[in-house]
Amino acid sequence: GSPAPGVVNADLFSVRWTRTLNLPAGSYHFTLTVDDGARLWVNDHLLVDAWRDQAPRTYTGDIYLPDSPTPIKLEYYEHTGGAVARLSWAGADTSLPGEVVVDDTDAGFVRGGSASGWHVAYEGHGGRLNWTRNNDRTRSNYNWARWYPRLSPGTYEVLVFIPERYTTTSNARYWVAHAGGYTLQTVDQSANGGRWVSLGTYRFTGSGGEYVSLSDITYETRLTRLIAFDAIKWVPR
């Protein structure tokens, strides 16, 4: 129905909510249920992008927040039929102390290259992934992504989540930047859908400059393979 009967129609309206949070530094889990479309920004990072007509659907996202005022912005529109917009947040729970996950919806995920070559699918870890088609060699404006974790100094096993779809390459080339330098690990995404795959165990300084990277360069025939960019996990060892 209408959020303000007599002032706002029951259909065909939009809303923007803003708020500033003051939370202790740490990882936080946001849950958003909407019907129809919404976009959620947390600390100026687009955490949920679901701007489309839909029945009530729940989206989640995790993000690390510093100990400073954090702006929140939720934009919402209602087309016709039912109308729902519900947002909540809580400290993120992890199954293993010190475990760090950076998903493609998190602030630690960055991507570059050809904007038209990037695509988003609403599946995989956390309900969203990025994907692109492959290059056979290094070309100008190739697509790439990096996952930057917030780590304490120590030794971690690095694992990548391979979703079920958008994973037809057999030569996804992950570079792990760690305390000892750079290590290349190749993963057959087409044979590992729906599971975490280890990229090895390494020592990290926790400086903030360490990462895992992946590009669309697979050395397979150009534009014949799909590469998924989803979540990376660091597990203390």
# chains A, B, ... in the order shown; residues from 1 in each chain; ligands from 1
>>> residues_around(residues="Glu99 in chain A", least_positions_apart="5", cutoff="8 Å", atoms="only C-alpha atoms", output="JSON, numbers by chain")
{"A": [94, 233, 234, 235, 236]}
>>> write_last_selection(atoms="all heavy atoms", output="PDB file, in the first residue's frame")
ATOM      1  N   THR A  94      31.510 -15.005  11.630  1.00  0.00           N
ATOM      2  CA  THR A  94      32.373 -15.872  10.830  1.00  0.00           C
ATOM      3  C   THR A  94      32.530 -17.200  11.530  1.00  0.00           C
ATOM      4  O   THR A  94      32.560 -17.288  12.745  1.00  0.00           O
ATOM      5  CB  THR A  94      33.772 -15.244  10.624  1.00  0.00           C
ATOM      6  OG1 THR A  94      34.346 -14.971  11.902  1.00  0.00           O
ATOM      7  CG2 THR A  94      33.662 -13.937   9.836  1.00  0.00           C
ATOM      8  N   LYS A 233      38.636 -16.166  -0.047  1.00  0.00           N
ATOM      9  CA  LYS A 233      38.640 -16.345   1.413  1.00  0.00           C
ATOM     10  C   LYS A 233      40.071 -16.603   1.898  1.00  0.00           C
ATOM     11  O   LYS A 233      40.826 -17.355   1.289  1.00  0.00           O
ATOM     12  CB  LYS A 233      37.735 -17.532   1.780  1.00  0.00           C
ATOM     13  CG  LYS A 233      37.715 -17.880   3.245  1.00  0.00           C
ATOM     14  CD  LYS A 233      36.547 -18.820   3.585  1.00  0.00           C
ATOM     15  CE  LYS A 233      36.592 -20.126   2.852  1.00  0.00           C
ATOM     16  NZ  LYS A 233      35.483 -21.035   3.272  1.00  0.00           N
ATOM     17  N   TRP A 234      40.431 -15.953   3.017  1.00  0.00           N
ATOM     18  CA  TRP A 234      41.720 -16.154   3.684  1.00  0.00           C
ATOM     19  C   TRP A 234      41.446 -16.830   5.028  1.00  0.00           C
ATOM     20  O   TRP A 234      40.721 -16.268   5.874  1.00  0.00           O
ATOM     21  CB  TRP A 234      42.426 -14.823   3.905  1.00  0.00           C
ATOM     22  CG  TRP A 234      42.997 -14.200   2.664  1.00  0.00           C
ATOM     23  CD1 TRP A 234      44.305 -14.181   2.276  1.00  0.00           C
ATOM     24  CD2 TRP A 234      42.288 -13.456   1.650  1.00  0.00           C
ATOM     25  NE1 TRP A 234      44.446 -13.498   1.088  1.00  0.00           N
ATOM     26  CE2 TRP A 234      43.231 -13.053   0.677  1.00  0.00           C
ATOM     27  CE3 TRP A 234      40.936 -13.122   1.471  1.00  0.00           C
ATOM     28  CZ2 TRP A 234      42.860 -12.316  -0.443  1.00  0.00           C
ATOM     29  CZ3 TRP A 234      40.569 -12.396   0.356  1.00  0.00           C
ATOM     30  CH2 TRP A 234      41.528 -11.991  -0.590  1.00  0.00           C
ATOM     31  N   VAL A 235      42.005 -18.021   5.257  1.00  0.00           N
ATOM     32  CA  VAL A 235      41.737 -18.792   6.459  1.00  0.00           C
ATOM     33  C   VAL A 235      43.059 -18.946   7.247  1.00  0.00           C
ATOM     34  O   VAL A 235      44.052 -19.452   6.696  1.00  0.00           O
ATOM     35  CB  VAL A 235      41.183 -20.192   6.121  1.00  0.00           C
ATOM     36  CG1 VAL A 235      40.907 -20.981   7.401  1.00  0.00           C
ATOM     37  CG2 VAL A 235      39.898 -20.065   5.298  1.00  0.00           C
ATOM     38  N   PRO A 236      43.107 -18.529   8.518  1.00  0.00           N
ATOM     39  CA  PRO A 236      44.351 -18.650   9.294  1.00  0.00           C
ATOM     40  C   PRO A 236      44.807 -20.105   9.391  1.00  0.00           C
ATOM     41  O   PRO A 236      44.013 -21.004   9.610  1.00  0.00           O
ATOM     42  CB  PRO A 236      43.950 -18.117  10.677  1.00  0.00           C
ATOM     43  CG  PRO A 236      42.765 -17.259  10.421  1.00  0.00           C
ATOM     44  CD  PRO A 236      42.020 -17.899   9.296  1.00  0.00           C
TER      45      PRO A 236
END
>>> closest_atom_pairs(of="range 71-147 of chain A", to="range 19-40 of chain A", cutoff="7 Å", atoms="only C-alpha atoms", output="JSON lines")
{"residue": "A:Pro71", "atom": "CA", "partner": "A:Thr20", "partner_atom": "CA", "distance": 4.4}
{"residue": "A:Ile72", "atom": "CA", "partner": "A:Arg19", "partner_atom": "CA", "distance": 5.2}
{"residue": "A:Lys73", "atom": "CA", "partner": "A:Leu40", "partner_atom": "CA", "distance": 5.9}
{"residue": "A:Leu74", "atom": "CA", "partner": "A:Leu40", "partner_atom": "CA", "distance": 4.6}
{"residue": "A:Glu75", "atom": "CA", "partner": "A:Arg39", "partner_atom": "CA", "distance": 5.3}
{"residue": "A:Tyr76", "atom": "CA", "partner": "A:Ala38", "partner_atom": "CA", "distance": 4.3}
{"residue": "A:Tyr77", "atom": "CA", "partner": "A:Gly37", "partner_atom": "CA", "distance": 5.4}
{"residue": "A:Glu78", "atom": "CA", "partner": "A:Asp36", "partner_atom": "CA", "distance": 5.2}
{"residue": "A:His79", "atom": "CA", "partner": "A:Asp36", "partner_atom": "CA", "distance": 6.5}
{"residue": "A:Gly82", "atom": "CA", "partner": "A:Asp35", "partner_atom": "CA", "distance": 6.7}
{"residue": "A:Ala83", "atom": "CA", "partner": "A:Asp35", "partner_atom": "CA", "distance": 5.2}
{"residue": "A:Val84", "atom": "CA", "partner": "A:Asp35", "partner_atom": "CA", "distance": 4.9}
{"residue": "A:Ala85", "atom": "CA", "partner": "A:Val34", "partner_atom": "CA", "distance": 4.6}
{"residue": "A:Arg86", "atom": "CA", "partner": "A:Thr33", "partner_atom": "CA", "distance": 5.1}
{"residue": "A:Leu87", "atom": "CA", "partner": "A:Leu32", "partner_atom": "CA", "distance": 4.5}
{"residue": "A:Ser88", "atom": "CA", "partner": "A:Thr31", "partner_atom": "CA", "distance": 5.3}
{"residue": "A:Trp89", "atom": "CA", "partner": "A:Phe30", "partner_atom": "CA", "distance": 4.3}
{"residue": "A:Ala90", "atom": "CA", "partner": "A:His29", "partner_atom": "CA", "distance": 5.4}
{"residue": "A:Gly91", "atom": "CA", "partner": "A:Tyr28", "partner_atom": "CA", "distance": 4.4}
{"residue": "A:Ala92", "atom": "CA", "partner": "A:Tyr28", "partner_atom": "CA", "distance": 4.5}
>>> closest_residue(among="A:Pro69, A:Gly117, A:Gly124, A:Gly81", to="Gly193 in chain A", atoms="only C-alpha atoms")
A:Gly124
>>> closest_residue(among="A:Ser2, A:Asn134, A:Tyr166, A:Phe161", to="Val120 in chain A", atoms="only C-alpha atoms")
A:Tyr166
>>> closest_residue(among="A:Gly112, A:Gly180, A:Gly194, A:Gly126", to="Glu164 in chain A", atoms="only C-alpha atoms")
A:Gly194
>>> closest_residue(among="A:Trp51, A:Trp131, A:Trp147, A:Tyr122", to="Val102 in chain A", atoms="only C-alpha atoms")
A:Trp147
>>> decode(residues="range 130-162 of chain A", atoms="N, CA, C and O atoms", output="mmCIF file, in the first residue's frame")
data_model
loop_
_atom_site.group_PDB
_atom_site.id
_atom_site.type_symbol
_atom_site.label_atom_id
_atom_site.label_comp_id
_atom_site.auth_asym_id
_atom_site.auth_seq_id
_atom_site.Cartn_x
_atom_site.Cartn_y
_atom_site.Cartn_z
ATOM 1 N N ASN A 130 30.363 -11.341 -10.741
ATOM 2 C CA ASN A 130 30.723 -10.673 -11.985
ATOM 3 C C ASN A 130 31.264 -11.712 -12.956
ATOM 4 O O ASN A 130 31.880 -12.698 -12.538
ATOM 5 N N TRP A 131 31.058 -11.497 -14.243
ATOM 6 C CA TRP A 131 31.650 -12.408 -15.220
ATOM 7 C C TRP A 131 31.982 -11.639 -16.499
ATOM 8 O O TRP A 131 31.451 -10.555 -16.753
ATOM 9 N N THR A 132 32.885 -12.215 -17.278
ATOM 10 C CA THR A 132 33.271 -11.631 -18.556
ATOM 11 C C THR A 132 33.733 -12.746 -19.485
ATOM 12 O O THR A 132 33.893 -13.893 -19.059
ATOM 13 N N ARG A 133 33.928 -12.419 -20.739
ATOM 14 C CA ARG A 133 34.466 -13.389 -21.706
ATOM 15 C C ARG A 133 35.986 -13.247 -21.777
ATOM 16 O O ARG A 133 36.542 -12.227 -21.401
ATOM 17 N N ASN A 134 36.629 -14.281 -22.289
ATOM 18 C CA ASN A 134 38.086 -14.361 -22.200
ATOM 19 C C ASN A 134 38.804 -13.666 -23.342
ATOM 20 O O ASN A 134 38.254 -13.430 -24.419
ATOM 21 N N ASN A 135 40.065 -13.346 -23.089
ATOM 22 C CA ASN A 135 41.016 -12.911 -24.105
ATOM 23 C C ASN A 135 42.057 -14.006 -24.326
ATOM 24 O O ASN A 135 42.410 -14.741 -23.396
ATOM 25 N N ASP A 136 42.561 -14.102 -25.552
ATOM 26 C CA ASP A 136 43.573 -15.113 -25.870
ATOM 27 C C ASP A 136 44.991 -14.643 -25.552
ATOM 28 O O ASP A 136 45.919 -15.439 -25.488
ATOM 29 N N ARG A 137 45.144 -13.351 -25.324
ATOM 30 C CA ARG A 137 46.442 -12.771 -24.986
ATOM 31 C C ARG A 137 46.209 -11.396 -24.378
ATOM 32 O O ARG A 137 45.070 -10.927 -24.320
ATOM 33 N N THR A 138 47.283 -10.757 -23.938
ATOM 34 C CA THR A 138 47.152 -9.421 -23.364
ATOM 35 C C THR A 138 46.781 -8.428 -24.455
ATOM 36 O O THR A 138 47.500 -8.292 -25.444
ATOM 37 N N ARG A 139 45.643 -7.789 -24.296
ATOM 38 C CA ARG A 139 45.175 -6.782 -25.235
ATOM 39 C C ARG A 139 44.879 -5.501 -24.456
ATOM 40 O O ARG A 139 44.691 -5.540 -23.243
ATOM 41 N N SER A 140 44.810 -4.386 -25.153
ATOM 42 C CA SER A 140 44.501 -3.128 -24.478
ATOM 43 C C SER A 140 43.107 -3.202 -23.868
ATOM 44 O O SER A 140 42.192 -3.797 -24.439
ATOM 45 N N ASN A 141 42.956 -2.615 -22.695
ATOM 46 C CA ASN A 141 41.675 -2.521 -21.995
ATOM 47 C C ASN A 141 41.095 -3.897 -21.643
ATOM 48 O O ASN A 141 39.872 -4.075 -21.625
ATOM 49 N N TYR A 142 41.973 -4.863 -21.354
ATOM 50 C CA TYR A 142 41.477 -6.170 -20.915
ATOM 51 C C TYR A 142 40.839 -6.046 -19.533
ATOM 52 O O TYR A 142 41.125 -5.129 -18.768
ATOM 53 N N ASN A 143 39.943 -6.980 -19.195
ATOM 54 C CA ASN A 143 39.232 -6.916 -17.916
ATOM 55 C C ASN A 143 40.025 -7.627 -16.822
ATOM 56 O O ASN A 143 40.601 -8.693 -17.050
ATOM 57 N N TRP A 144 40.017 -7.039 -15.648
ATOM 58 C CA TRP A 144 40.761 -7.589 -14.518
ATOM 59 C C TRP A 144 40.035 -7.226 -13.216
ATOM 60 O O TRP A 144 39.211 -6.307 -13.187
ATOM 61 N N ALA A 145 40.358 -7.962 -12.154
ATOM 62 C CA ALA A 145 39.801 -7.656 -10.829
ATOM 63 C C ALA A 145 40.819 -8.026 -9.765
ATOM 64 O O ALA A 145 41.666 -8.902 -9.958
ATOM 65 N N ARG A 146 40.701 -7.345 -8.615
ATOM 66 C CA ARG A 146 41.534 -7.662 -7.445
ATOM 67 C C ARG A 146 40.658 -7.715 -6.199
ATOM 68 O O ARG A 146 39.684 -6.966 -6.095
ATOM 69 N N TRP A 147 41.035 -8.608 -5.302
ATOM 70 C CA TRP A 147 40.382 -8.730 -3.997
ATOM 71 C C TRP A 147 41.405 -8.348 -2.919
ATOM 72 O O TRP A 147 42.430 -9.030 -2.756
ATOM 73 N N TYR A 148 41.157 -7.272 -2.177
ATOM 74 C CA TYR A 148 42.050 -6.806 -1.123
ATOM 75 C C TYR A 148 41.444 -7.155 0.237
ATOM 76 O O TYR A 148 40.391 -6.626 0.603
ATOM 77 N N PRO A 149 42.099 -8.013 1.029
ATOM 78 C CA PRO A 149 41.574 -8.342 2.364
ATOM 79 C C PRO A 149 42.142 -7.416 3.429
ATOM 80 O O PRO A 149 43.183 -6.775 3.233
ATOM 81 N N ARG A 150 41.459 -7.358 4.569
ATOM 82 C CA ARG A 150 41.995 -6.690 5.769
ATOM 83 C C ARG A 150 42.463 -7.806 6.701
ATOM 84 O O ARG A 150 41.648 -8.460 7.345
ATOM 85 N N LEU A 151 43.769 -8.036 6.739
ATOM 86 C CA LEU A 151 44.336 -9.159 7.474
ATOM 87 C C LEU A 151 45.204 -8.686 8.624
ATOM 88 O O LEU A 151 45.861 -7.643 8.533
ATOM 89 N N SER A 152 45.233 -9.488 9.666
ATOM 90 C CA SER A 152 46.281 -9.355 10.669
ATOM 91 C C SER A 152 47.500 -10.111 10.154
ATOM 92 O O SER A 152 47.358 -11.080 9.400
ATOM 93 N N PRO A 153 48.706 -9.708 10.515
ATOM 94 C CA PRO A 153 49.887 -10.434 10.045
ATOM 95 C C PRO A 153 49.801 -11.909 10.435
ATOM 96 O O PRO A 153 49.375 -12.252 11.540
ATOM 97 N N GLY A 154 50.206 -12.794 9.515
ATOM 98 C CA GLY A 154 50.164 -14.216 9.816
ATOM 99 C C GLY A 154 50.143 -15.051 8.555
ATOM 100 O O GLY A 154 50.325 -14.550 7.437
ATOM 101 N N THR A 155 49.916 -16.346 8.735
ATOM 102 C CA THR A 155 49.878 -17.307 7.641
ATOM 103 C C THR A 155 48.429 -17.701 7.369
ATOM 104 O O THR A 155 47.685 -18.040 8.292
ATOM 105 N N TYR A 156 48.049 -17.655 6.095
ATOM 106 C CA TYR A 156 46.674 -17.931 5.701
ATOM 107 C C TYR A 156 46.652 -18.853 4.481
ATOM 108 O O TYR A 156 47.504 -18.724 3.580
ATOM 109 N N GLU A 157 45.651 -19.734 4.455
ATOM 110 C CA GLU A 157 45.331 -20.438 3.220
ATOM 111 C C GLU A 157 44.360 -19.578 2.435
ATOM 112 O O GLU A 157 43.401 -19.039 2.991
ATOM 113 N N VAL A 158 44.595 -19.442 1.135
ATOM 114 C CA VAL A 158 43.754 -18.624 0.275
ATOM 115 C C VAL A 158 42.885 -19.546 -0.580
ATOM 116 O O VAL A 158 43.391 -20.472 -1.222
ATOM 117 N N LEU A 159 41.569 -19.305 -0.566
ATOM 118 C CA LEU A 159 40.641 -20.125 -1.331
ATOM 119 C C LEU A 159 39.759 -19.228 -2.188
ATOM 120 O O LEU A 159 39.394 -18.127 -1.787
ATOM 121 N N VAL A 160 39.409 -19.708 -3.375
ATOM 122 C CA VAL A 160 38.533 -18.980 -4.274
ATOM 123 C C VAL A 160 37.244 -19.770 -4.447
ATOM 124 O O VAL A 160 37.264 -20.996 -4.566
ATOM 125 N N PHE A 161 36.097 -19.051 -4.419
ATOM 126 C CA PHE A 161 34.820 -19.720 -4.640
ATOM 127 C C PHE A 161 34.505 -19.710 -6.131
ATOM 128 O O PHE A 161 34.497 -18.659 -6.772
ATOM 129 N N ILE A 162 34.241 -20.909 -6.681
ATOM 130 C CA ILE A 162 33.904 -21.064 -8.093
ATOM 131 C C ILE A 162 32.405 -21.324 -8.206
ATOM 132 O O ILE A 162 31.918 -22.355 -7.732
#
